[in-house]
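Structure file coords-v9.pdb; described as PDB, C-alpha atoms.
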```
ATOM      1  CA  MET A  10      79.389  78.919 130.940
ATOM      2  CA  LYS A  11      82.983  79.146 132.122
ATOM      3  CA  LYS A  12      83.921  76.305 129.791
ATOM      4  CA  ALA A  13      82.341  78.108 126.836
ATOM      5  CA  LEU A  14      84.191  81.306 127.686
ATOM      6  CA  LYS A  15      87.477  79.404 127.871
ATOM      7  CA  ILE A  16      86.850  77.907 124.433
ATOM      8  CA  ILE A  17      86.004  81.325 122.980
ATOM      9  CA  GLY A  18      89.123  82.763 124.605
ATOM     10  CA  LYS A  19      91.308  80.035 123.115
ATOM     11  CA  VAL A  20      89.796  80.577 119.666
ATOM     12  CA  LEU A  21      90.379  84.324 119.853
ATOM     13  CA  LEU A  22      93.916  83.762 121.112
ATOM     14  CA  GLY A  23      94.501  81.371 118.222
ATOM     15  CA  PHE A  24      93.342  83.983 115.715
ATOM     16  CA  LEU A  25      95.550  86.599 117.377
ATOM     17  CA  ILE A  26      98.598  84.327 117.198
ATOM     18  CA  LEU A  27      97.795  83.514 113.567
ATOM     19  CA  ASP A  28      97.516  87.232 112.716
ATOM     20  CA  ILE A  29     100.833  87.955 114.417
ATOM     21  CA  MET A  30     102.490  85.116 112.512
ATOM     22  CA  ILE A  31     101.131  86.400 109.192
ATOM     23  CA  VAL A  32     102.403  89.903 109.934
ATOM     24  CA  LEU A  33     105.829  88.558 110.932
ATOM     25  CA  ILE A  34     106.033  86.432 107.791
ATOM     26  CA  MET A  35     105.045  89.398 105.611
ATOM     27  CA  PHE A  36     107.529  91.633 107.429
ATOM     28  CA  VAL A  37     110.442  89.229 106.865
ATOM     29  CA  TYR A  38     109.391  88.572 103.261
ATOM     30  CA  GLY A  39     108.975  92.299 102.659
ATOM     31  CA  ARG A  40     112.459  93.067 103.981
ATOM     32  CA  ILE A  41     113.979  90.399 101.765
ATOM     33  CA  MET A  42     112.173  91.793  98.727
ATOM     34  CA  LEU A  43     113.136  95.395  99.547
ATOM     35  CA  SER A  44     116.771  94.340  99.616
ATOM     36  CA  LYS A  45     116.462  92.561  96.262
ATOM     37  CA  GLU A  46     114.622  95.512  94.724
ATOM     38  CA  ASP A  47     117.344  97.986  95.679
ATOM     39  CA  LYS A  48     119.408  96.591  92.814
ATOM     40  CA  LEU A  49     116.406  96.578  90.483
ATOM     41  CA  LEU A  50     115.673 100.256  91.141
ATOM     42  CA  GLU A  51     119.109 101.210  89.838
ATOM     43  CA  SER A  52     117.561 100.802  86.369
ATOM     44  CA  TYR A  53     114.646 103.157  87.108
ATOM     45  CA  PRO A  54     114.495 105.875  84.434
ATOM     46  CA  GLY A  55     115.881 109.312  85.232
ATOM     47  CA  GLN A  56     118.695 111.102  87.001
ATOM     48  CA  LEU A  57     118.875 112.378  90.561
ATOM     49  CA  VAL A  58     119.627 116.074  90.957
ATOM     50  CA  GLU A  59     120.176 117.980  94.193
ATOM     51  CA  VAL A  60     117.386 120.379  95.137
ATOM     52  CA  HIS A  61     117.743 122.217  98.454
ATOM     53  CA  GLY A  62     119.843 119.439  99.939
ATOM     54  CA  HIS A  63     117.661 116.557  98.794
ATOM     55  CA  ASN A  64     117.498 114.319  95.701
ATOM     56  CA  MET A  65     114.834 114.813  93.053
ATOM     57  CA  ASN A  66     114.461 112.533  90.037
ATOM     58  CA  VAL A  67     114.119 113.956  86.517
ATOM     59  CA  PHE A  68     113.691 111.756  83.450
ATOM     60  CA  VAL A  69     114.730 113.315  80.132
ATOM     61  CA  GLU A  70     114.493 111.827  76.642
ATOM     62  CA  GLY A  71     114.602 113.047  73.041
ATOM     63  CA  GLU A  72     115.583 116.287  71.363
ATOM     64  CA  GLY A  73     113.663 119.021  69.606
ATOM     65  CA  THR A  74     112.689 122.677  69.469
ATOM     66  CA  HIS A  75     109.900 122.176  72.005
ATOM     67  CA  THR A  76     110.178 120.694  75.506
ATOM     68  CA  LEU A  77     107.249 118.851  77.074
ATOM     69  CA  VAL A  78     107.312 118.575  80.883
ATOM     70  CA  PHE A  79     104.996 115.954  82.386
ATOM     71  CA  LEU A  80     103.678 116.478  85.922
ATOM     72  CA  ALA A  81     102.187 113.537  87.804
ATOM     73  CA  PRO A  82      98.716 113.055  89.283
ATOM     74  CA  SER A  83      98.255 112.871  93.027
ATOM     75  CA  GLY A  84      99.625 109.759  94.687
ATOM     76  CA  ASP A  85     101.441 108.385  91.631
ATOM     77  CA  THR A  86     104.378 106.337  92.911
ATOM     78  CA  SER A  87     106.184 106.011  89.552
ATOM     79  CA  PRO A  88     105.525 109.002  87.255
ATOM     80  CA  ALA A  89     108.445 108.271  84.897
ATOM     81  CA  ILE A  90     106.763 104.961  84.081
ATOM     82  CA  THR A  91     103.156 106.151  84.227
ATOM     83  CA  PHE A  92     103.737 108.607  81.370
ATOM     84  CA  LYS A  93     105.856 106.192  79.294
ATOM     85  CA  PRO A  94     103.067 105.091  76.891
ATOM     86  CA  LEU A  95     102.611 108.758  75.957
ATOM     87  CA  TYR A  96     106.078 110.322  75.994
ATOM     88  CA  SER A  97     107.574 107.369  74.101
ATOM     89  CA  LYS A  98     105.394 108.409  71.159
ATOM     90  CA  LEU A  99     106.691 111.983  71.318
ATOM     91  CA  SER A 100     110.397 111.802  72.132
ATOM     92  CA  ASP A 101     111.366 111.233  68.495
ATOM     93  CA  GLY A 102     110.431 114.826  67.677
ATOM     94  CA  TYR A 103     110.511 116.713  70.976
ATOM     95  CA  ARG A 104     112.427 116.840  74.206
ATOM     96  CA  VAL A 105     110.361 115.262  76.978
ATOM     97  CA  ALA A 106     110.904 115.441  80.722
ATOM     98  CA  VAL A 107     109.120 113.937  83.717
ATOM     99  CA  VAL A 108     109.708 115.711  87.018
ATOM    100  CA  GLU A 109     109.094 113.538  90.076
ATOM    101  CA  LYS A 110     108.286 115.812  92.984
ATOM    102  CA  PHE A 111     109.504 114.960  96.466
ATOM    103  CA  GLY A 112     107.614 111.913  97.716
ATOM    104  CA  TYR A 113     107.103 110.576  94.184
ATOM    105  CA  GLY A 114     109.091 107.999  92.224
ATOM    106  CA  MET A 115     112.787 107.973  93.064
ATOM    107  CA  SER A 116     112.731 111.419  94.663
ATOM    108  CA  ASP A 117     113.323 111.752  98.408
ATOM    109  CA  ILE A 118     110.579 111.898 101.001
ATOM    110  CA  VAL A 119     111.252 115.172 102.828
ATOM    111  CA  ASP A 120     109.931 117.072 105.833
ATOM    112  CA  THR A 121     109.895 120.540 104.296
ATOM    113  CA  GLU A 122     107.199 123.022 103.262
ATOM    114  CA  ARG A 123     104.701 121.494 100.811
ATOM    115  CA  ASP A 124     102.872 124.609  99.702
ATOM    116  CA  TYR A 125     102.425 124.765  95.942
ATOM    117  CA  GLU A 126     104.672 127.754  95.274
ATOM    118  CA  THR A 127     107.512 125.882  96.980
ATOM    119  CA  MET A 128     106.809 122.741  94.954
ATOM    120  CA  VAL A 129     106.789 124.695  91.694
ATOM    121  CA  ASP A 130     110.137 126.277  92.532
ATOM    122  CA  GLU A 131     111.569 122.843  93.355
ATOM    123  CA  CYS A 132     110.462 121.522  89.957
ATOM    124  CA  ARG A 133     111.989 124.529  88.203
ATOM    125  CA  THR A 134     115.276 124.023  90.030
ATOM    126  CA  ALA A 135     115.302 120.294  89.226
ATOM    127  CA  LEU A 136     114.780 120.946  85.510
ATOM    128  CA  GLU A 137     117.526 123.557  85.476
ATOM    129  CA  LYS A 138     119.978 121.196  87.171
ATOM    130  CA  ALA A 139     119.025 118.424  84.745
ATOM    131  CA  GLY A 140     119.918 120.739  81.867
ATOM    132  CA  VAL A 141     116.337 121.192  80.672
ATOM    133  CA  ASP A 142     115.890 124.842  79.777
ATOM    134  CA  ALA A 143     112.656 126.856  79.525
ATOM    135  CA  PRO A 144     110.314 127.586  77.891
ATOM    136  CA  TYR A 145     108.247 124.477  78.552
ATOM    137  CA  ILE A 146     104.999 123.004  77.349
ATOM    138  CA  LEU A 147     103.643 121.887  80.716
ATOM    139  CA  CYS A 148     101.652 118.640  80.630
ATOM    140  CA  PRO A 149      99.834 118.258  83.959
ATOM    141  CA  TYR A 150      97.734 115.220  84.805
ATOM    142  CA  SER A 151      94.912 115.636  87.327
ATOM    143  CA  LYS A 152      95.904 117.533  90.524
ATOM    144  CA  SER A 153      99.167 118.789  89.036
ATOM    145  CA  GLY A 154      96.976 121.231  87.139
ATOM    146  CA  ILE A 155      97.157 123.331  90.308
ATOM    147  CA  ASP A 156     100.973 123.375  90.154
ATOM    148  CA  THR A 157     100.792 124.270  86.467
ATOM    149  CA  LEU A 158      98.455 127.235  86.883
ATOM    150  CA  ILE A 159     100.648 128.685  89.647
ATOM    151  CA  TRP A 160     103.719 128.104  87.465
ATOM    152  CA  ALA A 161     102.152 129.891  84.502
ATOM    153  CA  GLN A 162     100.945 132.779  86.664
ATOM    154  CA  ARG A 163     104.231 133.286  88.507
ATOM    155  CA  TYR A 164     106.664 132.560  85.653
ATOM    156  CA  PRO A 165     104.799 133.193  82.373
ATOM    157  CA  ASP A 166     107.992 133.466  80.312
ATOM    158  CA  GLU A 167     108.835 129.853  81.219
ATOM    159  CA  VAL A 168     105.539 128.435  79.955
ATOM    160  CA  GLU A 169     105.064 128.187  76.203
ATOM    161  CA  ALA A 170     101.768 126.308  76.366
ATOM    162  CA  ILE A 171      99.761 123.842  78.468
ATOM    163  CA  VAL A 172      98.646 120.343  77.522
ATOM    164  CA  SER A 173      95.990 119.399  80.056
ATOM    165  CA  ILE A 174      95.720 115.662  80.699
ATOM    166  CA  ASP A 175      92.312 115.945  82.342
ATOM    167  CA  MET A 176      93.868 118.446  84.731
ATOM    168  CA  ALA A 177      92.062 119.667  87.803
ATOM    169  CA  PHE A 178      91.080 123.322  88.186
ATOM    170  CA  PRO A 179      90.331 125.112  91.478
ATOM    171  CA  GLU A 180      86.565 124.877  90.909
ATOM    172  CA  HIS A 181      86.795 121.084  90.709
ATOM    173  CA  PHE A 182      87.981 121.068  94.311
ATOM    174  CA  ASP A 183      85.401 123.700  95.270
ATOM    175  CA  LYS A 184      82.643 121.407  93.986
ATOM    176  CA  MET A 185      84.019 118.186  95.469
ATOM    177  CA  GLY A 186      85.283 119.675  98.707
ATOM    178  CA  ILE A 187      88.586 118.815 100.354
ATOM    179  CA  ASP A 188      88.064 116.623 103.401
ATOM    180  CA  THR A 189      91.293 116.468 105.388
ATOM    181  CA  LYS A 190      90.027 115.290 108.796
ATOM    182  CA  ASP A 191      90.741 111.593 108.222
ATOM    183  CA  LEU A 192      93.959 112.006 106.245
ATOM    184  CA  LYS A 193      96.315 111.533 109.178
ATOM    185  CA  THR A 194      94.644 108.268 110.143
ATOM    186  CA  THR A 195      94.713 107.029 106.558
ATOM    187  CA  THR A 196      98.351 108.022 106.177
ATOM    188  CA  THR A 197      99.246 106.182 109.397
ATOM    189  CA  VAL A 198      97.458 103.024 108.228
ATOM    190  CA  MET A 199      99.241 103.172 104.868
ATOM    191  CA  GLY A 200     102.546 103.633 106.666
ATOM    192  CA  ILE A 201     101.899 100.503 108.732
ATOM    193  CA  ALA A 202     101.003  98.564 105.572
ATOM    194  CA  ARG A 203     104.316  99.605 104.005
ATOM    195  CA  ALA A 204     106.424  98.997 107.127
ATOM    196  CA  THR A 205     105.008  95.505 107.710
ATOM    197  CA  GLY A 206     105.179  94.528 104.030
ATOM    198  CA  ILE A 207     101.436  93.829 103.929
ATOM    199  CA  ILE A 208     101.136  96.314 101.047
ATOM    200  CA  ARG A 209     102.529  93.584  98.765
ATOM    201  CA  LEU A 210      99.291  91.644  99.123
ATOM    202  CA  PHE A 211      97.481  94.466  97.333
ATOM    203  CA  VAL A 212      99.709  95.060  94.292
ATOM    204  CA  PRO A 213      99.157  92.244  91.773
ATOM    205  CA  ASP A 214     100.212  92.726  88.134
ATOM    206  CA  SER A 215      96.596  93.480  87.219
ATOM    207  CA  GLU A 216      96.846  96.732  89.169
ATOM    208  CA  PHE A 217      99.330  98.124  86.653
ATOM    209  CA  SER A 218      99.002  99.364  83.087
ATOM    210  CA  PRO A 219      98.763  96.647  80.419
ATOM    211  CA  LEU A 220     100.931  98.910  78.228
ATOM    212  CA  HIS A 221     103.918  98.504  80.524
ATOM    213  CA  THR A 222     106.556  95.793  80.273
ATOM    214  CA  LYS A 223     107.230  93.214  82.996
ATOM    215  CA  GLU A 224     110.314  95.239  83.919
ATOM    216  CA  ASP A 225     108.223  98.406  84.242
ATOM    217  CA  ILE A 226     105.716  96.618  86.462
ATOM    218  CA  ALA A 227     108.479  95.260  88.693
ATOM    219  CA  LEU A 228     109.821  98.794  89.145
ATOM    220  CA  GLU A 229     106.350 100.167  89.852
ATOM    221  CA  ARG A 230     105.694  97.492  92.455
ATOM    222  CA  ALA A 231     109.016  98.183  94.129
ATOM    223  CA  LEU A 232     108.137 101.862  94.470
ATOM    224  CA  VAL A 233     104.585 101.188  95.644
ATOM    225  CA  CYS A 234     106.052  99.128  98.472
ATOM    226  CA  ARG A 235     108.332 102.055  99.404
ATOM    227  CA  LYS A 236     106.313 105.184  98.665
ATOM    228  CA  PHE A 237     102.576 104.441  98.480
ATOM    229  CA  GLY A 238     100.530 106.791 100.650
ATOM    230  CA  ASN A 239     103.532 108.524 102.225
ATOM    231  CA  HIS A 240     102.868 111.681 104.216
ATOM    232  CA  ILE A 241     103.768 114.023 101.355
ATOM    233  CA  ILE A 242     101.425 112.684  98.698
ATOM    234  CA  ASN A 243      98.656 111.571 101.039
ATOM    235  CA  TYR A 244      98.611 114.454 103.529
ATOM    236  CA  ASP A 245     100.966 117.419 103.097
ATOM    237  CA  GLU A 246      99.962 118.206  99.499
ATOM    238  CA  ILE A 247      96.256 117.802 100.231
ATOM    239  CA  VAL A 248      95.983 120.093 103.253
ATOM    240  CA  THR A 249      97.639 122.952 101.326
ATOM    241  CA  LEU A 250      95.298 122.616  98.319
ATOM    242  CA  PRO A 251      92.711 125.195  99.503
ATOM    243  CA  ASP A 252      95.386 127.897  99.856
ATOM    244  CA  ALA A 253      96.764 127.034  96.415
ATOM    245  CA  CYS A 254      93.300 127.298  94.840
ATOM    246  CA  GLU A 255      92.734 130.714  96.416
ATOM    247  CA  LEU A 256      96.161 131.835  95.199
ATOM    248  CA  ILE A 257      95.244 130.921  91.623
ATOM    249  CA  LYS A 258      91.903 132.738  91.845
ATOM    250  CA  SER A 259      93.632 135.911  93.058
ATOM    251  CA  ASP A 260      95.442 136.371  89.715
ATOM    252  CA  PRO A 261      94.236 136.404  86.104
ATOM    253  CA  PHE A 262      93.999 133.037  84.378
ATOM    254  CA  PRO A 263      97.221 132.491  82.384
ATOM    255  CA  ASP A 264      96.714 133.386  78.720
ATOM    256  CA  LYS A 265      98.612 130.450  77.263
ATOM    257  CA  PRO A 266      97.700 128.183  74.340
ATOM    258  CA  MET A 267      95.970 125.116  75.769
ATOM    259  CA  LEU A 268      95.182 121.647  74.526
ATOM    260  CA  LEU A 269      92.710 120.059  76.892
ATOM    261  CA  PHE A 270      92.135 116.314  77.011
ATOM    262  CA  LEU A 271      88.896 115.590  78.859
ATOM    263  CA  THR A 272      87.464 112.351  80.251
ATOM    264  CA  ASN A 273      84.245 111.301  81.941
ATOM    265  CA  GLY A 274      85.822 112.613  85.123
ATOM    266  CA  VAL A 275      86.002 111.229  88.631
ATOM    267  CA  THR A 276      83.379 109.368  90.645
ATOM    268  CA  GLU A 277      82.853 112.344  92.959
ATOM    269  CA  MET A 278      81.466 114.477  90.119
ATOM    270  CA  ASP A 279      79.218 113.939  87.110
ATOM    271  CA  THR A 280      80.811 114.097  83.657
ATOM    272  CA  GLU A 281      78.972 117.212  82.513
ATOM    273  CA  THR A 282      80.107 119.282  85.496
ATOM    274  CA  TRP A 283      83.672 117.947  85.274
ATOM    275  CA  GLN A 284      83.988 118.997  81.630
ATOM    276  CA  GLU A 285      82.078 122.267  81.994
ATOM    277  CA  ILE A 286      84.576 123.498  84.589
ATOM    278  CA  ALA A 287      87.469 122.980  82.164
ATOM    279  CA  HIS A 288      85.563 124.855  79.446
ATOM    280  CA  SER A 289      84.722 127.710  81.811
ATOM    281  CA  TYR A 290      88.424 128.322  82.430
ATOM    282  CA  ALA A 291      89.727 127.931  78.895
ATOM    283  CA  ASP A 292      86.931 128.971  76.510
ATOM    284  CA  ASP A 293      88.081 132.599  76.347
ATOM    285  CA  LEU A 294      91.665 131.766  75.387
ATOM    286  CA  GLU A 295      92.766 132.756  71.904
ATOM    287  CA  VAL A 296      94.297 129.331  71.218
ATOM    288  CA  LYS A 297      92.616 126.284  72.719
ATOM    289  CA  THR A 298      91.600 122.799  71.599
ATOM    290  CA  PHE A 299      89.368 120.328  73.411
ATOM    291  CA  THR A 300      89.389 116.566  72.904
ATOM    292  CA  ALA A 301      86.883 114.525  74.920
ATOM    293  CA  PHE A 302      87.431 110.794  75.454
ATOM    294  CA  ASP A 303      84.899 108.238  76.616
ATOM    295  CA  CYS A 304      86.953 106.846  79.483
ATOM    296  CA  THR A 305      87.484 107.459  83.168
ATOM    297  CA  HIS A 306      89.914 109.971  84.619
ATOM    298  CA  TYR A 307      92.386 107.199  85.452
ATOM    299  CA  GLU A 308      92.223 105.349  82.114
ATOM    300  CA  ILE A 309      93.160 108.142  79.746
ATOM    301  CA  ILE A 310      96.847 107.348  79.173
ATOM    302  CA  ASP A 311      96.324 103.594  78.943
ATOM    303  CA  LYS A 312      93.425 103.869  76.512
ATOM    304  CA  GLU A 313      94.106 107.030  74.519
ATOM    305  CA  SER A 314      97.881 107.629  74.362
ATOM    306  CA  GLU A 315      97.970 107.039  70.588
ATOM    307  CA  GLN A 316      95.368 109.701  69.841
ATOM    308  CA  MET A 317      96.783 112.022  72.496
ATOM    309  CA  ALA A 318     100.244 111.904  70.927
ATOM    310  CA  GLN A 319      98.794 112.735  67.515
ATOM    311  CA  ASP A 320      96.772 115.642  68.927
ATOM    312  CA  ILE A 321      99.815 116.991  70.785
ATOM    313  CA  LYS A 322     101.867 116.990  67.574
ATOM    314  CA  GLU A 323      99.110 118.862  65.708
ATOM    315  CA  PHE A 324      98.752 121.339  68.593
ATOM    316  CA  ILE A 325     102.499 122.072  68.621
ATOM    317  CA  ASP A 326     102.447 122.567  64.850
ATOM    318  CA  GLU A 327      99.599 125.059  65.369
ATOM    319  CA  ILE A 328     101.381 127.161  67.994
ATOM    320  CA  GLY A 329     104.534 127.134  65.829
ATOM    321  CA  ASP A 330     108.234 127.550  66.539
TER     322      ASP A 330
END
```

Could you render the structure as structure tokens?
Amino acid sequence: MKKALKIIGKVLLGFLILDIMIVLIMFVYGRIMLSKEDKLLESYPGQLVEVHGHNMNVFVEGEGTHTLVFLAPSGDTSPAITFKPLYSKLSDGYRVAVVEKFGYGMSDIVDTERDYETMVDECRTALEKAGVDAPYILCPYSKSGIDTLIWAQRYPDEVEAIVSIDMAFPEHFDKMGIDTKDLKTTTTVMGIARATGIIRLFVPDSEFSPLHTKEDIALERALVCRKFGNHIINYDEIVTLPDACELIKSDPFPDKPMLLFLTNGVTEMDTETWQEIAHSYADDLEVKTFTAFDCTHYEIIDKESEQMAQDIKEFIDEIGD
């Protein structure tokens, strides 16, 4: 019996040593790659502007009478690249901008208030400092619909129209619920994966959009290994969602022209309910257009950017100069 226990102990010790060696190898490799990628990230699209003592990245391209401002979905580590298949089809006739909130893309990770009114004001300041003047056609994707509705309610003169890229409305979160109890644990685990370099094992090229170039993918990977699951995008913004949803419900829905791109929704909700919620908010608007695509919530830009760009151009022609 004692002999068997000794053998089991040696085997377990061997596995432990092997695990430690793998972590050490990944840590050293990760640090080498981070150093190499620092140079690579100098070519990341956008410009850093100072917002309340920290750096926020704003990408701007094109010229035109109308300005489209793209706002990223939750957890997106490289918004200026995520939206590229879409804004590249629009920047020949309009001014386009991608605002990377703190915690996203090349913007700083900060330890400041992450309530949605604060985040909206930070985006407004960043655009102003980047020389991008209102009014804007806000183009929110997914959770940034919450930012957009607060923006339109608080500063209606700055919002010309809204292009919803399958944006989330407060009722979506009411139906799905917002479970925050395990977020701290998840955020800690993600932080360990980044710090040890193990995150690199989970970001093959196949994880990225097939519409992006090899250079784009290299930049995305570099940011995933630095920003994925950080406390802002994985915790701070989530725990303040309920208050933001109640804030939106306390004021009238913004009466702005809306183009709504809809998908089959997210796995937590059936397609019919997902789309019905969007209709319930926007059906009474004087100017609104719905386009439904047969794809998932996360596929829309990769699969439908061509049609989306065409619909956006027709929508802008409709609302006029």

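Near Asn273 of chain A, within a cut-off of 12 Å and counting all atoms listed in the file, sit the residues A:Asp175, A:Phe270, A:Leu271, A:Val275, A:Thr276, A:Glu277, A:Met278, A:Asp279, A:Thr280, A:Glu281, A:Thr282, A:Trp283, A:Gln284, A:Glu285, A:Thr300, A:Ala301, A:Phe302, A:Asp303, A:Cys304, A:Thr305, A:His306, A:Tyr307, A:Glu308, A:Ile309, with same-chain residues fewer than 2 positions away left out.
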
8 Å contact set for Phe79 of chain A, all atoms listed in the file, chain neighbours under 3 positions out, as a ChimeraX atom specification: /A:92,105-108,147-150

Can you write out the residues you just picked, keeping C-alpha atoms, as a PDB file, in the frame of the given file?
```
ATOM      1  CA  PHE A  92     103.737 108.607  81.370  1.00  0.00           C
ATOM      2  CA  VAL A 105     110.361 115.262  76.978  1.00  0.00           C
ATOM      3  CA  ALA A 106     110.904 115.441  80.722  1.00  0.00           C
ATOM      4  CA  VAL A 107     109.120 113.937  83.717  1.00  0.00           C
ATOM      5  CA  VAL A 108     109.708 115.711  87.018  1.00  0.00           C
ATOM      6  CA  LEU A 147     103.643 121.887  80.716  1.00  0.00           C
ATOM      7  CA  CYS A 148     101.652 118.640  80.630  1.00  0.00           C
ATOM      8  CA  PRO A 149      99.834 118.258  83.959  1.00  0.00           C
ATOM      9  CA  TYR A 150      97.734 115.220  84.805  1.00  0.00           C
TER      10      TYR A 150
END
```

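Residue nearest Lys297 of chain A within the list A:Glu327, A:Glu126, A:Asp311, A:Asp85: A:Glu327 [criterion: smallest interatomic distance, only C-alpha atoms].
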
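With atom CA of Gly206 of chain A on one side and atom CA of Val233 of chain A on the other, the separation reads 10.7 Å.
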
Nearest residue to Ala231 of chain A from the set A:Ile146, A:Ile321, A:Leu250, A:Ile208 (distances using all atoms listed in the file): A:Ile208

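Applied to the file shown here, the PyMOL selection byres ((chain A and resi 256) around 10) selects Tyr125, Glu126, Ile155, Leu158, Ile159, Gln162, Pro179, Leu250, Pro251, Asp252, Ala253, Cys254, Glu255, Ile257, Lys258, Ser259 and Asp260 of chain A.
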
Residue nearest Asp120 of chain A among A:Pro261, A:Gly329, A:Gly73, A:Gly62 (counting all atoms listed in the file): A:Gly62

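All residues of protein, DNA or RNA that reach within 7 Å of Asp264 of chain A, judged by only C-alpha atoms and not counting those fewer than 2 positions away in the chain, are Phe262, Pro266 and Leu294 of chain A.
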
12 Å contact set for Ala227 of chain A, all atoms listed in the file, chain neighbours under 5 positions out, as a list in words: Met42, Leu43, Lys45, Glu46, Asp47, Lys48, Leu49, Leu50, Ser52, Tyr53, Ser87, Ile90, Arg209, Val212, Pro213, Asp214, Glu216, Phe217, Ser218, His221, Thr222, Leu232, Val233 and Cys234 of chain A

Residues returned when the PyMOL selection byres ((chain A and resi 181-198) around 8) runs on this file, as an MDAnalysis selection string: chainID A and resid 177:180 199:202 238:240 243:244 247:248 250:251 277:278 283 286

Write a file of the selected residues as a PDB file, keeping the file's coordinate frame, keeping C-alpha atoms.
```
ATOM      1  CA  ALA A 177      92.062 119.667  87.803  1.00  0.00           C
ATOM      2  CA  PHE A 178      91.080 123.322  88.186  1.00  0.00           C
ATOM      3  CA  PRO A 179      90.331 125.112  91.478  1.00  0.00           C
ATOM      4  CA  GLU A 180      86.565 124.877  90.909  1.00  0.00           C
ATOM      5  CA  MET A 199      99.241 103.172 104.868  1.00  0.00           C
ATOM      6  CA  GLY A 200     102.546 103.633 106.666  1.00  0.00           C
ATOM      7  CA  ILE A 201     101.899 100.503 108.732  1.00  0.00           C
ATOM      8  CA  ALA A 202     101.003  98.564 105.572  1.00  0.00           C
ATOM      9  CA  GLY A 238     100.530 106.791 100.650  1.00  0.00           C
ATOM     10  CA  ASN A 239     103.532 108.524 102.225  1.00  0.00           C
ATOM     11  CA  HIS A 240     102.868 111.681 104.216  1.00  0.00           C
ATOM     12  CA  ASN A 243      98.656 111.571 101.039  1.00  0.00           C
ATOM     13  CA  TYR A 244      98.611 114.454 103.529  1.00  0.00           C
ATOM     14  CA  ILE A 247      96.256 117.802 100.231  1.00  0.00           C
ATOM     15  CA  VAL A 248      95.983 120.093 103.253  1.00  0.00           C
ATOM     16  CA  LEU A 250      95.298 122.616  98.319  1.00  0.00           C
ATOM     17  CA  PRO A 251      92.711 125.195  99.503  1.00  0.00           C
ATOM     18  CA  GLU A 277      82.853 112.344  92.959  1.00  0.00           C
ATOM     19  CA  MET A 278      81.466 114.477  90.119  1.00  0.00           C
ATOM     20  CA  TRP A 283      83.672 117.947  85.274  1.00  0.00           C
ATOM     21  CA  ILE A 286      84.576 123.498  84.589  1.00  0.00           C
TER      22      ILE A 286
END
```

Coordinates-based distance that separates atom CA of Gly140 of chain A from atom CA of Arg104 of chain A (Å, one decimal): 11.4 Å

Residues matched by the PyMOL selection byres ((chain A and resi 123) around 8) as an MDAnalysis selection string: chainID A and resid 121:122 124:125 127:128 241 245:246 249

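Going from atom CA of Ser173 of chain A over to atom CA of His288 of chain A, you cover 11.8 Å.
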
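With distances restricted to all atoms listed in the file, A:Lys236 is the closest residue to Phe111 of chain A from A:Lys236, A:Trp160, A:Asp225, A:Ile207.
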